[in-house]
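**Q** Just so it is clear, I am handing over start_16.txt, which has compact mmCIF, N, CA, C and O atoms.
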```txt
# COMPACT_ATOMS: atom_id res chain seq x y z
N ALA A 1 44.07 157.27 113.85
CA ALA A 1 44.62 158.22 112.88
C ALA A 1 45.89 157.67 112.25
O ALA A 1 46.09 157.80 111.04
N MET A 2 46.75 157.06 113.06
CA MET A 2 48.00 156.51 112.51
C MET A 2 47.71 155.37 111.55
O MET A 2 48.34 155.28 110.50
N THR A 3 46.77 154.50 111.88
CA THR A 3 46.45 153.37 111.01
C THR A 3 45.87 153.84 109.69
O THR A 3 46.22 153.32 108.63
N ALA A 4 44.99 154.85 109.74
CA ALA A 4 44.39 155.37 108.50
C ALA A 4 45.46 155.92 107.58
O ALA A 4 45.42 155.69 106.37
N GLY A 5 46.42 156.65 108.14
CA GLY A 5 47.50 157.17 107.32
C GLY A 5 48.37 156.05 106.77
O GLY A 5 48.75 156.05 105.60
N HIS A 6 48.69 155.09 107.62
CA HIS A 6 49.53 153.96 107.20
C HIS A 6 48.86 153.16 106.09
O HIS A 6 49.52 152.75 105.13
N ARG A 7 47.56 152.96 106.19
CA ARG A 7 46.81 152.18 105.20
C ARG A 7 46.39 153.01 103.99
O ARG A 7 45.76 152.49 103.08
N LYS A 8 46.71 154.32 104.03
CA LYS A 8 46.38 155.22 102.92
C LYS A 8 44.88 155.19 102.58
O LYS A 8 44.48 155.02 101.44
N LEU A 9 44.07 155.34 103.61
CA LEU A 9 42.62 155.30 103.44
C LEU A 9 42.12 156.60 102.82
O LEU A 9 41.57 157.47 103.49
N ALA A 10 42.30 156.72 101.52
CA ALA A 10 42.01 157.95 100.79
C ALA A 10 40.52 158.31 100.78
O ALA A 10 40.17 159.43 100.46
N ASN A 11 39.67 157.37 101.15
CA ASN A 11 38.23 157.67 101.19
C ASN A 11 37.77 158.15 102.57
O ASN A 11 36.59 158.29 102.80
N LEU A 12 38.71 158.44 103.46
CA LEU A 12 38.39 158.87 104.82
C LEU A 12 38.70 160.36 104.98
O LEU A 12 39.77 160.83 104.60
N THR A 13 37.73 161.09 105.54
CA THR A 13 37.90 162.51 105.82
C THR A 13 37.50 162.78 107.26
O THR A 13 36.46 162.30 107.73
N VAL A 14 38.32 163.55 107.96
CA VAL A 14 38.04 163.98 109.33
C VAL A 14 37.97 165.51 109.31
O VAL A 14 38.80 166.16 108.68
N ILE A 15 36.97 166.06 109.98
CA ILE A 15 36.86 167.51 110.14
C ILE A 15 37.10 167.82 111.62
O ILE A 15 36.37 167.34 112.49
N VAL A 16 38.13 168.61 111.88
CA VAL A 16 38.44 169.03 113.24
C VAL A 16 37.89 170.45 113.43
O VAL A 16 38.31 171.36 112.71
N ASP A 17 36.98 170.61 114.36
CA ASP A 17 36.47 171.94 114.69
C ASP A 17 37.47 172.56 115.65
O ASP A 17 37.46 172.32 116.84
N ARG A 18 38.36 173.38 115.11
CA ARG A 18 39.46 173.97 115.89
C ARG A 18 39.02 175.31 116.46
O ARG A 18 39.38 176.37 115.97
N ASN A 19 38.21 175.24 117.54
CA ASN A 19 37.71 176.47 118.16
C ASN A 19 38.54 176.89 119.36
O ASN A 19 38.27 177.91 119.98
N ARG A 20 39.56 176.11 119.69
CA ARG A 20 40.54 176.43 120.74
C ARG A 20 39.94 176.53 122.15
O ARG A 20 40.54 177.11 123.04
N LEU A 21 38.74 175.98 122.33
CA LEU A 21 38.12 175.98 123.65
C LEU A 21 37.74 174.56 124.06
O LEU A 21 37.44 173.72 123.22
N GLN A 22 37.75 174.34 125.34
CA GLN A 22 37.20 173.12 125.91
C GLN A 22 36.50 173.52 127.19
O GLN A 22 36.63 174.66 127.64
N GLN A 23 35.76 172.62 127.78
CA GLN A 23 35.00 172.99 128.97
C GLN A 23 35.95 173.45 130.07
O GLN A 23 36.81 172.72 130.52
N GLY A 24 35.82 174.72 130.44
CA GLY A 24 36.57 175.26 131.55
C GLY A 24 37.86 175.97 131.22
O GLY A 24 38.42 176.65 132.07
N ALA A 25 38.37 175.85 130.00
CA ALA A 25 39.67 176.47 129.68
C ALA A 25 39.90 176.48 128.18
O ALA A 25 39.18 175.84 127.42
N ARG A 26 40.93 177.17 127.78
CA ARG A 26 41.40 177.12 126.39
C ARG A 26 42.19 175.83 126.24
O ARG A 26 42.87 175.38 127.17
N THR A 27 42.12 175.22 125.07
CA THR A 27 42.80 173.94 124.87
C THR A 27 44.29 174.05 125.12
O THR A 27 44.89 173.16 125.73
N GLU A 28 44.91 175.13 124.69
CA GLU A 28 46.36 175.27 124.84
C GLU A 28 46.77 175.41 126.31
O GLU A 28 47.92 175.16 126.65
N ASP A 29 45.83 175.78 127.19
CA ASP A 29 46.13 175.84 128.62
C ASP A 29 46.17 174.43 129.23
O ASP A 29 46.72 174.25 130.32
N THR A 30 45.58 173.47 128.55
CA THR A 30 45.50 172.11 129.05
C THR A 30 46.49 171.18 128.35
O THR A 30 47.18 170.40 128.99
N VAL A 31 46.54 171.29 127.03
CA VAL A 31 47.44 170.44 126.24
C VAL A 31 47.85 171.20 124.98
O VAL A 31 47.03 171.84 124.34
N THR A 32 49.13 171.16 124.66
CA THR A 32 49.61 171.82 123.46
C THR A 32 49.14 171.05 122.22
O THR A 32 49.42 169.86 122.10
N MET A 33 48.43 171.74 121.35
CA MET A 33 47.92 171.09 120.14
C MET A 33 48.64 171.56 118.89
O MET A 33 48.68 170.86 117.89
N ASP A 34 49.16 172.76 118.91
CA ASP A 34 49.81 173.30 117.72
C ASP A 34 51.26 172.87 117.66
O ASP A 34 51.91 172.73 118.71
N PRO A 35 51.76 172.62 116.48
CA PRO A 35 51.10 172.78 115.18
C PRO A 35 50.24 171.55 114.84
O PRO A 35 50.76 170.48 114.52
N LEU A 36 48.93 171.72 114.94
CA LEU A 36 47.99 170.63 114.72
C LEU A 36 48.09 170.06 113.32
O LEU A 36 48.02 168.84 113.12
N ASP A 37 48.28 170.92 112.33
CA ASP A 37 48.38 170.44 110.95
C ASP A 37 49.59 169.52 110.77
O ASP A 37 49.49 168.46 110.14
N ASP A 38 50.71 169.88 111.34
CA ASP A 38 51.91 169.04 111.23
C ASP A 38 51.72 167.71 111.94
O ASP A 38 52.24 166.68 111.50
N ARG A 39 50.97 167.69 113.02
CA ARG A 39 50.72 166.44 113.73
C ARG A 39 49.94 165.48 112.83
O ARG A 39 50.26 164.30 112.75
N TRP A 40 48.89 165.96 112.17
CA TRP A 40 48.12 165.10 111.27
C TRP A 40 48.99 164.66 110.09
O TRP A 40 48.93 163.50 109.68
N ARG A 41 49.78 165.57 109.55
CA ARG A 41 50.66 165.20 108.43
C ARG A 41 51.65 164.10 108.84
O ARG A 41 51.97 163.23 108.06
N SER A 42 52.12 164.17 110.08
CA SER A 42 53.08 163.17 110.54
C SER A 42 52.46 161.78 110.60
O SER A 42 53.18 160.78 110.56
N PHE A 43 51.14 161.69 110.66
CA PHE A 43 50.45 160.41 110.63
C PHE A 43 50.13 159.97 109.20
O PHE A 43 49.48 158.95 109.00
N GLY A 44 50.53 160.76 108.21
CA GLY A 44 50.32 160.39 106.82
C GLY A 44 49.05 160.91 106.21
O GLY A 44 48.56 160.36 105.22
N TRP A 45 48.51 161.98 106.76
CA TRP A 45 47.27 162.56 106.25
C TRP A 45 47.56 163.78 105.39
O TRP A 45 48.51 164.52 105.63
N ALA A 46 46.70 164.02 104.40
CA ALA A 46 46.66 165.30 103.70
C ALA A 46 45.89 166.26 104.62
O ALA A 46 44.98 165.84 105.33
N VAL A 47 46.28 167.52 104.64
CA VAL A 47 45.65 168.48 105.54
C VAL A 47 45.25 169.73 104.77
O VAL A 47 46.02 170.25 103.97
N LYS A 48 44.03 170.18 105.03
CA LYS A 48 43.55 171.46 104.51
C LYS A 48 43.07 172.27 105.71
O LYS A 48 42.36 171.75 106.57
N ILE A 49 43.48 173.53 105.75
CA ILE A 49 43.06 174.43 106.83
C ILE A 49 42.12 175.45 106.23
O ILE A 49 42.44 176.10 105.23
N ILE A 50 40.95 175.59 106.85
CA ILE A 50 39.93 176.49 106.31
C ILE A 50 39.34 177.37 107.40
O ILE A 50 39.51 177.11 108.59
N ASP A 51 38.60 178.38 106.97
CA ASP A 51 37.75 179.16 107.86
C ASP A 51 36.46 178.35 108.01
O ASP A 51 35.68 178.23 107.07
N GLY A 52 36.27 177.76 109.16
CA GLY A 52 35.12 176.90 109.38
C GLY A 52 33.78 177.60 109.37
O GLY A 52 32.74 176.95 109.40
N HIS A 53 33.78 178.92 109.31
CA HIS A 53 32.53 179.67 109.22
C HIS A 53 32.15 179.97 107.77
O HIS A 53 31.11 180.57 107.53
N ASP A 54 32.97 179.53 106.84
CA ASP A 54 32.73 179.81 105.42
C ASP A 54 32.29 178.52 104.72
O ASP A 54 33.13 177.66 104.43
N PRO A 55 31.00 178.37 104.44
CA PRO A 55 30.51 177.15 103.80
C PRO A 55 31.17 176.85 102.46
O PRO A 55 31.39 175.68 102.12
N GLU A 56 31.51 177.89 101.71
CA GLU A 56 32.16 177.66 100.41
C GLU A 56 33.53 177.02 100.59
O GLU A 56 33.92 176.15 99.82
N GLN A 57 34.29 177.45 101.61
CA GLN A 57 35.59 176.84 101.87
C GLN A 57 35.42 175.38 102.29
O GLN A 57 36.20 174.52 101.87
N LEU A 58 34.40 175.11 103.09
CA LEU A 58 34.17 173.72 103.51
C LEU A 58 33.80 172.85 102.32
O LEU A 58 34.34 171.75 102.16
N LEU A 59 32.90 173.33 101.47
CA LEU A 59 32.53 172.56 100.28
C LEU A 59 33.72 172.31 99.37
O LEU A 59 33.89 171.22 98.83
N ALA A 60 34.55 173.34 99.18
CA ALA A 60 35.73 173.18 98.34
C ALA A 60 36.69 172.16 98.94
O ALA A 60 37.27 171.34 98.22
N ALA A 61 36.86 172.19 100.25
CA ALA A 61 37.77 171.25 100.91
C ALA A 61 37.25 169.82 100.81
O ALA A 61 38.03 168.87 100.72
N LEU A 62 35.92 169.66 100.82
CA LEU A 62 35.31 168.33 100.73
C LEU A 62 35.20 167.81 99.31
O LEU A 62 34.91 166.63 99.10
N ALA A 63 35.43 168.67 98.32
CA ALA A 63 35.30 168.26 96.93
C ALA A 63 36.24 167.10 96.63
O ALA A 63 37.37 167.03 97.13
N ALA A 64 35.76 166.19 95.84
CA ALA A 64 36.55 165.00 95.48
C ALA A 64 37.86 165.41 94.81
O ALA A 64 37.89 166.31 93.98
N ASP A 65 38.91 164.75 95.19
CA ASP A 65 40.24 164.98 94.63
C ASP A 65 40.76 163.64 94.14
O ASP A 65 41.26 162.83 94.93
N PRO A 66 40.65 163.37 92.83
CA PRO A 66 41.04 162.05 92.31
C PRO A 66 42.54 161.74 92.49
O PRO A 66 42.94 160.59 92.45
N GLU A 67 43.34 162.75 92.74
CA GLU A 67 44.78 162.55 92.93
C GLU A 67 45.13 162.21 94.37
O GLU A 67 46.26 161.83 94.66
N ARG A 68 44.17 162.36 95.28
CA ARG A 68 44.46 162.14 96.69
C ARG A 68 44.70 160.66 96.96
O ARG A 68 43.89 159.82 96.59
N ASP A 69 45.80 160.37 97.63
CA ASP A 69 46.15 158.98 97.91
C ASP A 69 46.31 158.73 99.41
O ASP A 69 46.97 157.77 99.82
N LYS A 70 45.73 159.60 100.22
CA LYS A 70 45.80 159.45 101.67
C LYS A 70 44.56 160.04 102.30
O LYS A 70 43.82 160.77 101.64
N PRO A 71 44.29 159.74 103.55
CA PRO A 71 43.13 160.33 104.21
C PRO A 71 43.28 161.85 104.33
O PRO A 71 44.40 162.37 104.27
N LEU A 72 42.16 162.52 104.49
CA LEU A 72 42.16 163.98 104.54
C LEU A 72 41.68 164.47 105.89
O LEU A 72 40.64 164.04 106.39
N CYS A 73 42.43 165.38 106.48
CA CYS A 73 42.03 166.08 107.69
C CYS A 73 41.77 167.54 107.33
O CYS A 73 42.66 168.23 106.84
N ILE A 74 40.55 167.98 107.56
CA ILE A 74 40.19 169.38 107.36
C ILE A 74 40.18 170.03 108.74
O ILE A 74 39.40 169.63 109.61
N ILE A 75 41.04 171.00 108.93
CA ILE A 75 41.06 171.75 110.17
C ILE A 75 40.24 173.01 109.94
O ILE A 75 40.65 173.89 109.18
N ALA A 76 39.08 173.06 110.57
CA ALA A 76 38.15 174.18 110.41
C ALA A 76 38.34 175.13 111.58
O ALA A 76 37.90 174.86 112.69
N ASN A 77 39.04 176.22 111.34
CA ASN A 77 39.24 177.23 112.38
C ASN A 77 37.92 177.97 112.60
O ASN A 77 37.36 178.55 111.68
N THR A 78 37.43 177.89 113.83
CA THR A 78 36.16 178.51 114.17
C THR A 78 36.27 179.25 115.49
O THR A 78 37.26 179.11 116.22
N PHE A 79 35.26 180.03 115.77
CA PHE A 79 35.11 180.68 117.07
C PHE A 79 33.78 180.25 117.65
O PHE A 79 32.73 180.45 117.02
N LYS A 80 33.82 179.67 118.80
CA LYS A 80 32.59 179.29 119.48
C LYS A 80 31.79 180.57 119.75
O LYS A 80 32.34 181.57 120.20
N GLY A 81 30.51 180.54 119.41
CA GLY A 81 29.66 181.69 119.65
C GLY A 81 29.82 182.81 118.64
O GLY A 81 29.37 183.94 118.88
N LYS A 82 30.43 182.53 117.48
CA LYS A 82 30.66 183.59 116.48
C LYS A 82 29.35 184.28 116.12
O LYS A 82 28.33 183.63 115.89
N GLY A 83 29.40 185.59 116.11
CA GLY A 83 28.24 186.37 115.74
C GLY A 83 27.38 186.84 116.89
O GLY A 83 26.47 187.63 116.71
N VAL A 84 27.67 186.32 118.08
CA VAL A 84 26.92 186.73 119.27
C VAL A 84 27.91 187.38 120.22
O VAL A 84 28.83 186.73 120.71
N SER A 85 27.73 188.66 120.46
CA SER A 85 28.74 189.46 121.17
C SER A 85 29.18 188.86 122.49
O SER A 85 30.38 188.78 122.77
N TYR A 86 28.27 188.44 123.31
CA TYR A 86 28.64 187.96 124.64
C TYR A 86 29.13 186.51 124.64
O TYR A 86 29.68 186.05 125.64
N MET A 87 28.95 185.80 123.53
CA MET A 87 29.40 184.40 123.44
C MET A 87 30.71 184.24 122.70
O MET A 87 31.45 183.28 122.94
N HIS A 88 31.03 185.15 121.81
CA HIS A 88 32.16 185.00 120.89
C HIS A 88 33.47 184.67 121.61
O HIS A 88 33.95 185.45 122.42
N ASP A 89 34.00 183.49 121.33
CA ASP A 89 35.29 183.05 121.85
C ASP A 89 35.35 183.09 123.38
O ASP A 89 36.41 183.31 123.97
N ASN A 90 34.23 182.88 124.02
CA ASN A 90 34.13 182.94 125.47
C ASN A 90 34.00 181.52 126.01
O ASN A 90 33.00 180.84 125.76
N VAL A 91 34.99 181.08 126.77
CA VAL A 91 35.03 179.71 127.27
C VAL A 91 33.80 179.34 128.09
O VAL A 91 33.38 178.19 128.10
N ALA A 92 33.17 180.30 128.74
CA ALA A 92 31.98 180.02 129.53
C ALA A 92 30.83 179.48 128.67
O ALA A 92 29.96 178.77 129.18
N TRP A 93 30.85 179.80 127.37
CA TRP A 93 29.76 179.35 126.50
C TRP A 93 30.06 178.03 125.83
O TRP A 93 29.29 177.56 125.00
N HIS A 94 31.13 177.37 126.23
CA HIS A 94 31.37 176.01 125.74
C HIS A 94 30.25 175.10 126.23
O HIS A 94 29.87 174.16 125.55
N HIS A 95 29.73 175.40 127.39
CA HIS A 95 28.67 174.57 127.97
C HIS A 95 27.51 175.41 128.53
O HIS A 95 26.64 174.88 129.19
N GLY A 96 27.51 176.70 128.25
CA GLY A 96 26.49 177.58 128.79
C GLY A 96 25.15 177.45 128.07
O GLY A 96 25.08 177.02 126.92
N VAL A 97 24.10 177.81 128.76
CA VAL A 97 22.75 177.82 128.19
C VAL A 97 22.19 179.22 128.38
O VAL A 97 22.11 179.71 129.50
N PRO A 98 21.81 179.87 127.28
CA PRO A 98 21.31 181.25 127.41
C PRO A 98 19.94 181.30 128.09
O PRO A 98 19.10 180.42 127.89
N ASN A 99 19.74 182.35 128.88
CA ASN A 99 18.41 182.58 129.43
C ASN A 99 17.56 183.26 128.35
O ASN A 99 18.04 183.51 127.24
N ALA A 100 16.33 183.55 128.65
CA ALA A 100 15.41 184.11 127.65
C ALA A 100 15.93 185.42 127.07
O ALA A 100 15.86 185.64 125.85
N GLU A 101 16.44 186.31 127.90
CA GLU A 101 16.95 187.60 127.42
C GLU A 101 18.19 187.41 126.54
O GLU A 101 18.31 188.04 125.49
N GLN A 102 19.09 186.56 126.98
CA GLN A 102 20.30 186.29 126.18
C GLN A 102 19.93 185.66 124.84
O GLN A 102 20.52 185.97 123.81
N TYR A 103 18.96 184.77 124.85
CA TYR A 103 18.50 184.13 123.62
C TYR A 103 17.96 185.18 122.65
O TYR A 103 18.26 185.15 121.45
N LYS A 104 17.19 186.11 123.17
CA LYS A 104 16.63 187.19 122.33
C LYS A 104 17.75 188.03 121.72
O LYS A 104 17.74 188.32 120.53
N ILE A 105 18.75 188.39 122.53
CA ILE A 105 19.88 189.17 122.03
C ILE A 105 20.63 188.40 120.94
O ILE A 105 20.98 188.94 119.90
N ALA A 106 20.85 187.12 121.19
CA ALA A 106 21.57 186.30 120.20
C ALA A 106 20.83 186.28 118.87
O ALA A 106 21.43 186.43 117.81
N LEU A 107 19.53 186.07 118.91
CA LEU A 107 18.74 186.05 117.67
C LEU A 107 18.83 187.37 116.94
O LEU A 107 18.96 187.41 115.71
N GLU A 108 18.77 188.48 117.68
CA GLU A 108 18.86 189.80 117.04
C GLU A 108 20.23 189.99 116.39
O GLU A 108 20.34 190.57 115.32
N GLU A 109 21.28 189.55 117.06
CA GLU A 109 22.64 189.75 116.53
C GLU A 109 22.94 188.82 115.35
O GLU A 109 23.78 189.17 114.51
N LEU A 110 22.30 187.70 115.28
CA LEU A 110 22.56 186.74 114.19
C LEU A 110 21.78 187.04 112.93
O LEU A 110 22.06 186.48 111.88
N VAL A 111 20.77 187.90 113.02
CA VAL A 111 19.95 188.20 111.83
C VAL A 111 20.55 189.34 111.06
O VAL A 111 21.20 190.19 111.46
```
Once more with this new file: its structure as structure tokens, please.
**A**
Amino acid sequence: AMTAGHRKLANLTVIVDRNRLQQGARTEDTVTMDPLDDRWRSFGWAVKIIDGHDPEQLLAALAADPERDKPLCIIANTFKGKGVSYMHDNVAWHHGVPNAEQYKIALEELV
């Protein structure tokens, strides 16, 4: 990341899925990440923060910017399991596998 910023690799884009979960815990319980945007900026990156569940925001963030002279980091704020009541923002579902009944409920809630 530091080299890309130093070299001004304007054709490079990174998307960070900022769901605030990792296997077994919330990320902030393990390592402080915020302010994540300022950390990327300190490496010389342009930063855009979006709602990662909104495809239009993602497309807009990815749109070519002829004025950009540095790499781009898109921080996509998301919730793991969004739209499924028992999975939403639940650390257990970082690595969980639904059983048949849970799968059925998830499909019903997502439609």
**Q** Taking into account only C-alpha atoms, which residue in the set A:Ala106, A:Ile74, A:Leu36, A:Ala100 is nearest to Tyr86 of chain A?
**A**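 The closest residue to Tyr86 of chain A is A:Ala106.
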**Q** A:Trp40, A:Pro55, A:Gly81, A:Leu110: which is nearest Val97 of chain A, counting only C-alpha atoms?
**A**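 Closest to Val97 of chain A of all the choices is A:Gly81.
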**Q** Going by DSSP on the backbone, which residues of chain A come out as strand (DSSP E)? List them as a list in words.
**A**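 Those residues are Thr13, Val14, Ile15, Val16, Asp17, Arg18, Leu21, Gln22, Ala25, Arg26, Ala46, Val47, Lys48, Ile49, Ile50, Asp51, Leu72, Cys73, Ile74, Ile75, Ala76 and Asn77 of chain A.
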**Q** From the list A:Ile105, A:Arg26, A:Lys48, A:Lys70, which residue is nearest Gly83 of chain A when using all atoms listed in the file?
**A**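 Result for the nearest residue to Gly83 of chain A: A:Ile105.
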**Q** From the set A:Met33, A:Ala60, A:Ala10, A:Leu21, which residue has the shortest atom-to-atom contact distance to Leu72 of chain A, counting all atoms listed in the file?
**A**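 Smallest separation from Leu72 of chain A among the options: A:Ala10.
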**Q** Rounded to one decimal in Å, what is the spacing between atom CA of Trp93 of chain A and atom CA of Asp37 of chain A?
**A** 25.8 Å
**Q** Would you compute the distance between atom CA of Glu108 of chain A and atom N of Met87 of chain A? Give it in Å to one decimal.
**A** 12.6 Å
**Q** Between A:Gly96, A:Lys8, A:His88, A:Val14, which residue has the minimum interatomic distance to Leu62 of chain A, considering only C-alpha atoms?
**A**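 Distance minimum relative to Leu62 of chain A lands on A:Val14.
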**Q** Can you pull out the residues contacting Ile49 of chain A? Cut-off 9 Å, using only C-alpha atoms, and skip same-chain residues under 5 positions away; I want them as a list in words.
**A**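 Near neighbours after the sequence-gap exclusion: Asp37, Ala61, Cys73, Ile74, Ile75, Ala76 and Asn77 of chain A.
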**Q** A:Gln23, A:Ser85, A:Gln102, A:Phe79: which is nearest Gly52 of chain A, counting only C-alpha atoms?
**A**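 Between A:Gln23, A:Ser85, A:Gln102, A:Phe79, the residue approaching Gly52 of chain A most closely is A:Phe79.
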**Q** What is the distance between atom O of Pro98 of chain A and atom N of Glu28 of chain A, in Å to one decimal?
**A**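 Value for the atom O of Pro98 of chain A-atom N of Glu28 of chain A distance: 26.5 Å.
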**Q** So that I can check the surroundings of Leu9 of chain A, please list as a compact mmCIF listing (two decimals) with N, CA, C and O atoms, keeping the file's coordinate frame every protein, DNA and RNA residue that reaches within 12 Å of it, counting only C-alpha atoms and ignoring chain neighbours fewer than 3 positions away.
**A**
```
# COMPACT_ATOMS: atom_id res chain seq x y z
N ALA A 1 44.07 157.27 113.85
CA ALA A 1 44.62 158.22 112.88
C ALA A 1 45.89 157.67 112.25
O ALA A 1 46.09 157.80 111.04
N MET A 2 46.75 157.06 113.06
CA MET A 2 48.00 156.51 112.51
C MET A 2 47.71 155.37 111.55
O MET A 2 48.34 155.28 110.50
N THR A 3 46.77 154.50 111.88
CA THR A 3 46.45 153.37 111.01
C THR A 3 45.87 153.84 109.69
O THR A 3 46.22 153.32 108.63
N ALA A 4 44.99 154.85 109.74
CA ALA A 4 44.39 155.37 108.50
C ALA A 4 45.46 155.92 107.58
O ALA A 4 45.42 155.69 106.37
N GLY A 5 46.42 156.65 108.14
CA GLY A 5 47.50 157.17 107.32
C GLY A 5 48.37 156.05 106.77
O GLY A 5 48.75 156.05 105.60
N HIS A 6 48.69 155.09 107.62
CA HIS A 6 49.53 153.96 107.20
C HIS A 6 48.86 153.16 106.09
O HIS A 6 49.52 152.75 105.13
N LEU A 12 38.71 158.44 103.46
CA LEU A 12 38.39 158.87 104.82
C LEU A 12 38.70 160.36 104.98
O LEU A 12 39.77 160.83 104.60
N THR A 13 37.73 161.09 105.54
CA THR A 13 37.90 162.51 105.82
C THR A 13 37.50 162.78 107.26
O THR A 13 36.46 162.30 107.73
N VAL A 14 38.32 163.55 107.96
CA VAL A 14 38.04 163.98 109.33
C VAL A 14 37.97 165.51 109.31
O VAL A 14 38.80 166.16 108.68
N PHE A 43 51.14 161.69 110.66
CA PHE A 43 50.45 160.41 110.63
C PHE A 43 50.13 159.97 109.20
O PHE A 43 49.48 158.95 109.00
N GLY A 44 50.53 160.76 108.21
CA GLY A 44 50.32 160.39 106.82
C GLY A 44 49.05 160.91 106.21
O GLY A 44 48.56 160.36 105.22
N TRP A 45 48.51 161.98 106.76
CA TRP A 45 47.27 162.56 106.25
C TRP A 45 47.56 163.78 105.39
O TRP A 45 48.51 164.52 105.63
N ALA A 46 46.70 164.02 104.40
CA ALA A 46 46.66 165.30 103.70
C ALA A 46 45.89 166.26 104.62
O ALA A 46 44.98 165.84 105.33
N ARG A 68 44.17 162.36 95.28
CA ARG A 68 44.46 162.14 96.69
C ARG A 68 44.70 160.66 96.96
O ARG A 68 43.89 159.82 96.59
N ASP A 69 45.80 160.37 97.63
CA ASP A 69 46.15 158.98 97.91
C ASP A 69 46.31 158.73 99.41
O ASP A 69 46.97 157.77 99.82
N LYS A 70 45.73 159.60 100.22
CA LYS A 70 45.80 159.45 101.67
C LYS A 70 44.56 160.04 102.30
O LYS A 70 43.82 160.77 101.64
N PRO A 71 44.29 159.74 103.55
CA PRO A 71 43.13 160.33 104.21
C PRO A 71 43.28 161.85 104.33
O PRO A 71 44.40 162.37 104.27
N LEU A 72 42.16 162.52 104.49
CA LEU A 72 42.16 163.98 104.54
C LEU A 72 41.68 164.47 105.89
O LEU A 72 40.64 164.04 106.39
N CYS A 73 42.43 165.38 106.48
CA CYS A 73 42.03 166.08 107.69
C CYS A 73 41.77 167.54 107.33
O CYS A 73 42.66 168.23 106.84
```
**Q** Go through segment 14-98 of chain A and collect every residue that DSSP, computed from the backbone, puts in alpha helix (DSSP H); the answer should be as a list in words.
**A**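 Going through segment 14-98 of chain A, the alpha helix (DSSP H) residues come out as Thr27, Glu28, Asp29, Thr30, Leu36, Asp37, Asp38, Arg39, Trp40, Arg41, Ser42, Pro55, Glu56, Gln57, Leu58, Leu59, Ala60, Ala61 and Leu62 of chain A.
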**Q** I'd like the box whose edges run along x, y and z of the file and which contains every listed atom of segment 34-51 of chain A, padded by 3 Å per side; could you state its centre and edge lengths in Å, one decimal, as lines of an AutoDock Vina configuration file?
**A**
```
center_x = 44.4
center_y = 169.1
center_z = 111.3
size_x = 23.5
size_y = 26.2
size_z = 21.2
```
